[in-house]
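Worksheet: the structure to be examined is printed underneath.
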Protein chains: 2
Amino acid sequence: MTSYTAPVKDMQFLLHDMLAVGGSDVPGYADMDAGFTGAVLDEAGKLASDLLAPLNAVGDRMGCVLENGVVRTPDGFKGAFAALKAGGWTALDADPDYGGQGLPYLMATAVGEIFVSANMAFNMYQGLTHGAYSAIHAHGTAEQKAMYLPKMVSCDWTGTMNLTEPHCGTDLGLMRTRAEPQPDGSYKITGTKIFISAGDHDLADNIIHLVLAKAPGGGEGTRGISLFIVPKFLVNADGSLGARNALSVGKLEHKMGINGSATCVMNYDGAVGWLLGDLHKGMKAMFTMMNEARLGVGLQGYAVAEAAYQNALGYAKDRLQGRDVTGVKNPGGAADPLIVHPDIRRNLMDQKSFVEGARAFTFWAAHLIDRSVRQGDAAAEGLVSLLIPVLKGFQTDKGFEMAVQAQQVWGGHGYVEDNGMSQFVRDARIAQIYEGANGVQALDLVGRKLATDGGKHVMAFFDLVKGFIKENEADARMQAFLPPLKNASKDCQAAAMYFMQHAMKNPNAALAGSYDFMTMMGHTCLGLMWAKMAKAAYAGLDAGGDADFLQAKIATGRYYMARQLPATALHLARIESGADPVMALAAEAF
Amino acid sequence: MTSYTAPVKDMQFLLHDMLAVGGSDVPGYADMDAGFTGAVLDEAGKLASDLLAPLNAVGDRMGCVLENGVVRTPDGFKGAFAALKAGGWTALDADPDYGGQGLPYLMATAVGEIFVSANMAFNMYQGLTHGAYSAIHAHGTAEQKAMYLPKMVSCDWTGTMNLTEPHCGTDLGLMRTRAEPQPDGSYKITGTKIFISAGDHDLADNIIHLVLAKAPGGGEGTRGISLFIVPKFLVNADGSLGARNALSVGKLEHKMGINGSATCVMNYDGAVGWLLGDLHKGMKAMFTMMNEARLGVGLQGYAVAEAAYQNALGYAKDRLQGRDVTGVKNPGGAADPLIVHPDIRRNLMDQKSFVEGARAFTFWAAHLIDRSVRQGDAAAEGLVSLLIPVLKGFQTDKGFEMAVQAQQVWGGHGYVEDNGMSQFVRDARIAQIYEGANGVQALDLVGRKLATDGGKHVMAFFDLVKGFIKENEADARMQAFLPPLKNASKDCQAAAMYFMQHAMKNPNAALAGSYDFMTMMGHTCLGLMWAKMAKAAYAGLDAGGDADFLQAKIATGRYYMARQLPATALHLARIESGADPVMALAAEAF
């Protein structure tokens, strides 16, 4: 059985030492002093360790069950969901006008990591609801907001997002679900949607489905798509629940992982829906919240890896096997603990340096979103929009790899299901796929975001790195950090330059290197984070802070700079080999 | 539902164009003309496609069941096992004195790949038996051989290997299972063994367990260990089955994958056993066949990846999603097939170039084993012993990665269990763990094999690469292959040099880089294979061979050289960063 402890100290270090949130002028940040954030994170950690983490294996083993058209969640989920609601955890960063607490998105992100680490599948019910809440909040009429948001903020009602159909996922222009306008202003929605997380379950009184469908007159492809609110139970004017809508669960998927999360095929058979936002602008409405949705998935990548790492570390300290070649470390025991072995240490350092770096990247991105949303900071928005596909793609790829490495520490005991290490691997895998498969993230990055506003945002990123290096190069202690960061950033710039020089003539020259570019940008972002954390740690040491903690932070960062960041050169080499090796073989010749 | 077709043409290319087996002086190779090997591989392919592959999903879904102390295999396994036996497939390379066909190990390896690709879990029953057969063949008395081998060659009886105990896997010196000598020359075996593949099942009349245990007088650690034959049913002098032995299945493991393979906890409660080989030389006896056992697992790595690749490729050709940015390819359809997209192409080329390279490496290694065993070629034995940990570790790591990439092509449809892509990932995962976890392979390589015979074998490998380059550098067509191979080999030499210069002072300087060294050696071996395949392909073209096939081979090799081989520089950089980043953090500071 696995266990989980929230890394509150690491989070506090990021919030207060690296990001210095207390001194920020972002509205709402002033209240985030260390005492307040520490108390919130401690409470979240308690709930996660005591209630959510023990249900993680239960959810995996029992899964959800579809019976008589209704989905039943695993034992214990109902009680845990009630506790989550009772503690106000579903309302953290929601609008106070609708019952939310109005905390910064950054704070909700930190708490979200804790819940995801403890039980990723369970946390999806509220995660999806938050996404649907955001879409209605951004695009709903006053009536719609009043009708749905308070219940969704409290999670009395949950939400879903319906995009995918059997024959189309990435290419939504092929969509077949139809919306027929009715005389009363509503629409009749007809079609089949698949992979609908939390499509049905027994945790809430009502489920508010947001459904993309084609209404007449919008033209071909994605232009004809509109977004609709389609509740499971129709809502009366007084807020009470009315008739059952004409929608049903066609199938409950049997998946590789996240078994506690109900993934449904949803059939809409002339279901009553109401337009959300503008007609034929459904794609835009659905993707308003894309940065936050993708950040949430990128967070899952490292949050599951954190939980896996904690359990790999525990095993490495407990399991006695072999002797330290440099001298016996546990003379009273039959063998030394696994952690003495350099290759186990390498494995653990890979995990630790990734997870802590990814957490910093994610917190920084959440902070940029706060600056964008709460201050209207266009530069912050441009930068975070550029980096979101990197954060989603890179962190879910590496998060999965790290879960696999954590499982490896356990040897054969990690492969049997009893010990829970396999679940981390199986759960983490989905994050590379949903919310835009990682190849699509790479395409978004290279095919769209790089060139946005004339390439202004990627230049801003490189300038930011350059500025940080310049600002700190006088500090001799930073020498383990700055030169590797400079090299990595240069490699990224060279890759971007390669794309610019070749993509006009042959778009494939850029697209064939898109995945490598996403990955090298991810490394560089984590390199920048580690340099910033090192700076904060040295400042903490100078100020007489917790030396053990801060020295460990620096040592972990040095590992990343020495062992991971040099990967950018490999990715650049691949990119500069061009499209030809990738495309030389005709499709028929495979 | 997945499908599988044996890559007979690729195998024939390796056997006859790259390895030129027909012209070899290895005893038994003369009969391996293209007509014969083609007929054998075609037949194996038929059995695999028609019978074994359809049972792959069945085995995964049903798993094995333990009832009343007996393990029942999934539906269909009994019939398939009977067909395997009836076709003589279990006897291919076994000794004709005991009913085998005496074919080269290379031939059995090629056939083995086909069966593993079709159904890895099913093939383990005969795979384990072959290992036990080999140990008895090498170390048994004439009586033991006569009693057990004919039945094991035919797989009327199957075999197992019992090493691991709950508290010890890698560190077998901690073993607690005891063997008490009896007056009649037998031993009473008492202890618990775990992770015993095929420990019990309903496919054979008897199961011959080979069990490592400590007999009195052998001293501490691994020196005290002996190997014992412990049959499920005792065998009477006339070969008939006698009493049930005092051994039982304590538990059937619920695993992440290979569910069709029964993984058992075995309890030996004073079971009757007979010494196999010399007293207190059990480790040596068990590991006589280590090269073949590890090659078999390294083969699983790419064989499962081959099956996953075939199904990813089929999906990429069928699934319509998006349009080729360089121009519509499927104007009659609503969208173009996935395979037009450069990032999908990158993904598929990664898989294809790995699988074909790994197959060449594996066939070459099997050929070296034939030279070693059938000709007593000490240089071949030294070389293959050096390369086996590379083959096992690298191929199972990359094989797993490639299965993950194949699953990724299917998007969300790869994550649901119905389509079979998840099974490839879950099955492939175990190969990184068993038969020596890959970290142990790296340790074997760097801590032992590198220095064997004064480093003679690794020097021979580098000389072999150098010789090949020199021999072919006049051929301008080889320019896409030779310089990258030279760089990769130089990187490996630099890493070996780094180890030599630093390991005396600090063994951790080598051990902290062991995993990277294993990986870069794996890339270099595949680079060498691709260079050899390219040479053979150009020769084939010159001789008027199948141009489409040979050009595709060359294009696939060029991809590997351009996009994968440069990874050696990253691994070298990590190694040269030394032990300090890896070991800086004290165990307590994690």
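Chain identifiers are assigned as A, B, and so on, following the order in which chains appear in the structure tokens; residues are numbered from 1 within each chain, and ligands are numbered from 1 in order of appearance.
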Neighbours of chain B in chain A at 6 Å, counting only C-alpha atoms, as a list in words: Asp171, His254, Lys255, Met256, Gln321, Gly322, Pro342, Asp343, Arg346, Gly411, Tyr415, Val416, Glu417, Ile433, Leu511, Ala512, Tyr559, Arg563, Ala567, Leu570, Arg574, Pro581 and Val582 of chain A
Long-range neighbours of segment 229-246 of chain A as a PyMOL selection string, 7 Å cut-off, only C-alpha atoms, 4 positions minimum in chain: chain A and resi 147+206-211+268-276
Helix (DSSP H, G or I) call set, DSSP backbone run, segment 63-107 of chain A, as number ranges by chain: A: 77-86, 89-91, 96-98, 105-107
Expected file contents, prior selection, N, CA and C atoms, as a CSV table (one decimal), in the first residue's frame:
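again32.csv was written with the following content:
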```
chain,number,residue,atom,x,y,z
A,77,PHE,N,-15.7,6.9,-2.3
A,77,PHE,CA,-15.7,8.2,-3.0
A,77,PHE,C,-16.7,9.2,-2.6
A,78,LYS,N,-17.9,8.7,-2.3
A,78,LYS,CA,-19.0,9.6,-1.9
A,78,LYS,C,-18.6,10.3,-0.6
A,79,GLY,N,-18.2,9.6,0.4
A,79,GLY,CA,-17.8,10.2,1.6
A,79,GLY,C,-16.7,11.2,1.4
A,80,ALA,N,-15.7,10.9,0.6
A,80,ALA,CA,-14.6,11.8,0.4
A,80,ALA,C,-15.0,13.0,-0.3
A,81,PHE,N,-15.9,12.9,-1.3
A,81,PHE,CA,-16.4,14.0,-2.0
A,81,PHE,C,-17.2,14.9,-1.1
A,82,ALA,N,-17.9,14.4,-0.2
A,82,ALA,CA,-18.7,15.2,0.8
A,82,ALA,C,-17.7,16.0,1.7
A,83,ALA,N,-16.6,15.3,2.0
A,83,ALA,CA,-15.6,16.0,2.9
A,83,ALA,C,-14.9,17.1,2.1
A,84,LEU,N,-14.7,16.9,0.8
A,84,LEU,CA,-14.1,17.9,0.0
A,84,LEU,C,-15.0,19.1,-0.1
A,85,LYS,N,-16.3,18.9,-0.3
A,85,LYS,CA,-17.2,20.0,-0.4
A,85,LYS,C,-17.3,20.7,1.0
A,86,ALA,N,-17.4,19.9,2.0
A,86,ALA,CA,-17.6,20.5,3.4
A,86,ALA,C,-16.5,21.4,3.8
A,89,TRP,N,-13.1,23.1,-0.3
A,89,TRP,CA,-12.0,22.9,-1.2
A,89,TRP,C,-12.3,23.0,-2.7
A,90,THR,N,-13.6,22.9,-3.0
A,90,THR,CA,-14.0,23.0,-4.4
A,90,THR,C,-14.2,24.4,-4.9
A,91,ALA,N,-14.1,25.4,-3.9
A,91,ALA,CA,-14.5,26.7,-4.2
A,91,ALA,C,-13.3,27.7,-4.1
A,96,PRO,N,-16.3,34.9,-5.8
A,96,PRO,CA,-17.1,35.1,-4.5
A,96,PRO,C,-18.5,35.4,-4.8
A,97,ASP,N,-18.8,36.0,-6.0
A,97,ASP,CA,-20.2,36.3,-6.4
A,97,ASP,C,-21.1,35.0,-6.5
A,98,TYR,N,-20.4,33.9,-6.6
A,98,TYR,CA,-21.1,32.7,-6.8
A,98,TYR,C,-20.7,31.7,-5.7
A,105,TYR,N,-5.4,31.8,-8.4
A,105,TYR,CA,-5.3,30.5,-9.1
A,105,TYR,C,-4.0,29.8,-8.7
A,106,LEU,N,-3.0,30.5,-8.4
A,106,LEU,CA,-1.7,29.9,-7.9
A,106,LEU,C,-2.0,29.0,-6.7
A,107,MET,N,-2.8,29.6,-5.8
A,107,MET,CA,-3.1,28.9,-4.5
A,107,MET,C,-3.9,27.6,-4.8
```
Give me the residues within 8 Å of segment 531-536 of chain B as a compact mmCIF listing (two decimals) with C-alpha atoms, in the first residue's frame, counting only C-alpha atoms and dropping any in the same chain fewer than 5 places off.
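File produced: result.txt:
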```txt
# COMPACT_ATOMS: atom_id res chain seq x y z
CA LEU B 14 19.20 -10.56 -41.69
CA ASP B 17 22.05 -10.81 -46.53
CA MET B 18 23.55 -9.48 -43.32
CA MET B 478 27.87 4.70 -46.68
CA PHE B 481 26.21 5.66 -41.74
CA LEU B 482 29.92 5.63 -41.05
CA LEU B 485 28.87 5.33 -36.10
CA LYS B 553 15.77 -0.54 -45.23
CA ILE B 554 18.35 2.13 -46.05
CA GLY B 557 18.72 3.12 -41.12
```
Nearest-residue call for Ala108 of chain A, choices A:Ala94, A:Glu356, A:Gln300, A:Trp530, using only C-alpha atoms: A:Ala94
Strand (DSSP E) positions in segment 24-228 of chain A, given as number ranges by chain: A: 65-67, 70-72, 157-162, 178-181, 187-197, 206-214, 225-228
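Residues surrounding segment 448-450 of chain A within 9 Å are A:Gly382, A:Ser385, A:Leu386, A:Leu387, A:Pro389, A:Leu443, A:Gly455, A:Lys456, A:His457, A:Val458, A:Ala496 [only C-alpha atoms; sequence separation below 5 positions excluded].
Here atom CA of His139 of chain B stands at a distance of 4.7 Å from atom CA of Gly277 of chain B.
Rounded to one decimal, atom CA of Leu163 of chain A and atom CA of Gly102 of chain A lie 28.7 Å from each other.
Note that the spacing between atom CA of Asp205 of chain B and atom CA of Asp156 of chain B amounts to 6.2 Å.
Residues within 10 Å of Ala547 of chain B, counting only C-alpha atoms and excluding same-chain residues fewer than 6 positions away, are B:Ala537, B:Tyr538, B:Gly540, B:Leu541, B:Lys553.
Distances to Ala358 of chain A were evaluated for A:Glu220, A:Asp202, A:Asp184, A:Glu306 using only C-alpha atoms, and the minimum falls at A:Glu306.
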